[in-house]
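> Sharing a structure, written as structure tokens. Questions coming.
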Amino acid sequence: MGGVLFARNVKKCTQEFIDFFAFVRRDPMPHFWEEYDRGASTLEEVTGTLCEMHGCSRAKCEEFLRRSIEMQEPVEPTEKLVRDLKAAGYGLYVLSNMSCEFIEFLRRFPVYGLFDGEVVSCEEHTVKPERRIYEILLDRYGLDPRETLFVDDRPANIAAAERLGIKGKLFDAHHPETTCRELRELLLKGEK
């Protein structure tokens, strides 16, 4: 979800805000944020960690975290692709590392309602690239790994899916139009 279907528009962000959340793009993800996505730590605990990490006030961290949630919006090319894939009859499933606060916000968008099912890390207490989260998706929805395509913006997550026999496609979050065009050619035979 994050970086693929939903993202913050960097044009609406200050450089300070972008720098504050630069840790989210690290590979691997910092442990404290991974535990937040796993549902093993709270927003309150993450706020404390960020205060220490950035040496700033709790009020500022709370504000930045609130804004980081509220600024999420659909990535236009991906949203259109999801709508077209749904119209073409594909089964669509969410497999996401996401905290409770973020996923509650994202579920409000109409595009989220197009998915046939979901596996979200904070609710399953396992995160990508751990094997268990992929197994939950396959088992819960009766998916055949050989007929499943997993799209993600992190190579480690793709590699984990491929170890289970799921074909992976790396999503370029900096150039979503390119990846969406490639997926459209693969799945919709190039339809616009």
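Each chain in the structure tokens gets a letter, A, B, ..., in the order shown, and its residues are numbered from 1; ligands are numbered from 1 in order too.
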What's around segment 143-158 of chain A at 6 Å? Count only C-alpha atoms, leave out sequence neighbours fewer than 2 positions away in its own chain, and write the answer as a list in words.

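The filter keeps Lys128, Pro129, Leu138, Tyr141, Ala160, Ala161, Gly165, Ile166, Lys167, Gly168, Lys169, Leu170 and Phe171 of chain A.
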
> What does the file look like for those residues with C-alpha atoms, as an mmCIF file, in the first residue's frame?


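Ended up saving to again18.cif:
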data_model
loop_
_atom_site.group_PDB
_atom_site.id
_atom_site.type_symbol
_atom_site.label_atom_id
_atom_site.label_comp_id
_atom_site.auth_asym_id
_atom_site.auth_seq_id
_atom_site.Cartn_x
_atom_site.Cartn_y
_atom_site.Cartn_z
ATOM 1 C CA LYS A 128 6.945 -8.552 5.250
ATOM 2 C CA PRO A 129 9.407 -10.066 4.442
ATOM 3 C CA LEU A 138 -2.365 -17.518 0.338
ATOM 4 C CA TYR A 141 -7.980 -16.538 0.193
ATOM 5 C CA ALA A 160 10.402 -13.365 0.104
ATOM 6 C CA ALA A 161 7.295 -13.770 -2.072
ATOM 7 C CA GLY A 165 6.547 -19.418 -5.680
ATOM 8 C CA ILE A 166 4.770 -16.068 -6.070
ATOM 9 C CA LYS A 167 5.869 -13.997 -9.048
ATOM 10 C CA GLY A 168 7.047 -10.544 -7.975
ATOM 11 C CA LYS A 169 7.114 -7.133 -9.627
ATOM 12 C CA LEU A 170 9.215 -4.357 -8.112
ATOM 13 C CA PHE A 171 7.299 -1.071 -8.038
#

> Compile the contact shell of segment 35-46 of chain A as an MDAnalysis selection string: residues with an atom at most 6 Å away, counting only C-alpha atoms, same-chain residues fewer than 2 positions apart removed.

chainID A and resid 32:33 48:49 97:99 121:122 125:127

> If you take only C-alpha atoms and a cut-off of 12 Å, which residues of segment 107-142 of chain A touch segment 4-22 of chain A, and what are their nearest atom pairs and distances in Å to one decimal, in chain and number order, as CSV?


residue,atom,partner,partner_atom,distance
A:Arg107,CA,A:Phe6,CA,10.9
A:Phe109,CA,A:Phe6,CA,9.9
A:Val111,CA,A:Leu5,CA,9.0
A:Tyr112,CA,A:Leu5,CA,9.2
A:Phe115,CA,A:Leu5,CA,11.9

> Keeping N, CA and C atoms for every residue in the selection just given, could you write it to a file as a CSV table (one decimal), in the first residue's frame?


chain,number,residue,atom,x,y,z
A,107,ARG,N,-8.4,3.0,4.7
A,107,ARG,CA,-9.6,2.2,4.4
A,107,ARG,C,-10.8,3.1,4.0
A,109,PHE,N,-10.7,5.4,1.8
A,109,PHE,CA,-10.7,5.8,0.3
A,109,PHE,C,-11.5,4.8,-0.5
A,111,VAL,N,-11.0,3.6,-3.4
A,111,VAL,CA,-10.2,2.6,-4.1
A,111,VAL,C,-9.9,1.4,-3.2
A,112,TYR,N,-9.8,1.6,-1.9
A,112,TYR,CA,-9.5,0.5,-1.0
A,112,TYR,C,-10.7,-0.5,-1.0
A,115,PHE,N,-10.7,-3.9,-3.2
A,115,PHE,CA,-9.9,-5.1,-2.9
A,115,PHE,C,-10.9,-6.2,-2.4

> If DSSP is run on the backbone, what residues of segment 51-126 of chain A are strand (DSSP E or B)? A reply as a PyMOL selection string would be ideal.

chain A and resi 72-74+93-96+117-120

> Would you export the selected residues with N, CA and C atoms as a compact mmCIF listing (two decimals), in the first residue's frame, please?


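Wrote again-v3.txt, looks like this:
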# COMPACT_ATOMS: atom_id res chain seq x y z
N GLN A 72 -1.69 11.16 3.37
CA GLN A 72 -1.70 10.03 2.45
C GLN A 72 -2.82 10.22 1.43
N GLU A 73 -2.50 9.96 0.19
CA GLU A 73 -3.50 10.06 -0.88
C GLU A 73 -3.18 9.01 -1.94
N PRO A 74 -4.18 8.61 -2.70
CA PRO A 74 -3.92 7.61 -3.73
C PRO A 74 -2.90 8.10 -4.76
N TYR A 93 -5.87 -8.17 -3.82
CA TYR A 93 -5.69 -8.36 -2.38
C TYR A 93 -4.63 -7.41 -1.85
N VAL A 94 -4.86 -6.93 -0.66
CA VAL A 94 -3.90 -6.09 0.05
C VAL A 94 -3.00 -6.99 0.87
N LEU A 95 -1.69 -6.79 0.76
CA LEU A 95 -0.70 -7.41 1.64
C LEU A 95 0.23 -6.28 2.04
N SER A 96 0.04 -5.78 3.27
CA SER A 96 0.71 -4.54 3.62
C SER A 96 1.28 -4.54 5.02
N GLY A 117 -9.83 -8.75 -0.54
CA GLY A 117 -9.39 -9.20 0.77
C GLY A 117 -8.14 -8.47 1.19
N GLU A 118 -7.75 -8.69 2.43
CA GLU A 118 -6.58 -7.96 2.95
C GLU A 118 -5.89 -8.77 4.03
N VAL A 119 -4.59 -8.58 4.09
CA VAL A 119 -3.75 -9.06 5.18
C VAL A 119 -2.87 -7.87 5.55
N VAL A 120 -3.09 -7.35 6.76
CA VAL A 120 -2.39 -6.15 7.21
C VAL A 120 -1.56 -6.52 8.44

> Counting only C-alpha atoms, figure out which residue out of A:Cys51, A:Ala159, A:Ala173, A:Ala87 gets nearest to Phe64 of chain A.

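Nearest to Phe64 of chain A: A:Cys51.
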
> One decimal, Å: what's the distance from atom CA of Gly2 of chain A over to atom CA of Gly55 of chain A, could you say?

26.2 Å

> From a backbone DSSP assignment, name each residue in segment 27-180 of chain A labelled helix (DSSP H, G or I), as a PyMOL selection string.

chain A and resi 31-38+43-54+58-70+76-87+100-106+110-114+121-124+131-141+145-147+155-163+176-180

> Calculated over only C-alpha atoms, which of the candidates A:Leu92, A:Ile103, A:Ile133, A:Leu81 has the smallest distance to Glu185 of chain A?

A:Leu81

> Of the residues A:Met53, A:Arg83, A:Phe105, A:Asp116, which is the one nearest to Ser68 of chain A, using only C-alpha atoms?

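Going through A:Met53, A:Arg83, A:Phe105, A:Asp116 one by one, the smallest distance to Ser68 of chain A is for A:Phe105.
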
> Could you give me, as a list of chain:residue names, the residues within 7 Å of Pro77 of chain A, counting only C-alpha atoms and dropping anything in the same chain fewer than 2 positions from it?

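The neighbour list is A:Val75, A:Glu79, A:Lys80, A:Leu81, A:Pro176, A:Glu177, A:Cys180.
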
> Store the residues picked out above in a file with N, CA and C atoms, as a compact mmCIF listing (two decimals), in the first residue's frame.


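Listing of out.txt after writing:
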# COMPACT_ATOMS: atom_id res chain seq x y z
N VAL A 75 -2.04 7.17 -5.19
CA VAL A 75 -1.11 7.43 -6.29
C VAL A 75 -1.94 7.26 -7.56
N GLU A 79 -3.97 3.96 -8.76
CA GLU A 79 -5.42 3.93 -8.51
C GLU A 79 -6.17 3.58 -9.79
N LYS A 80 -5.77 4.18 -10.89
CA LYS A 80 -6.43 3.89 -12.17
C LYS A 80 -6.19 2.43 -12.57
N LEU A 81 -4.98 1.94 -12.38
CA LEU A 81 -4.67 0.56 -12.71
C LEU A 81 -5.52 -0.40 -11.87
N PRO A 176 5.90 5.96 -10.67
CA PRO A 176 4.77 5.02 -10.69
C PRO A 176 4.17 4.81 -12.07
N GLU A 177 4.24 5.82 -12.91
CA GLU A 177 3.67 5.69 -14.26
C GLU A 177 4.35 4.57 -15.04
N CYS A 180 3.28 1.13 -13.59
CA CYS A 180 1.87 0.89 -13.94
C CYS A 180 1.71 0.59 -15.42
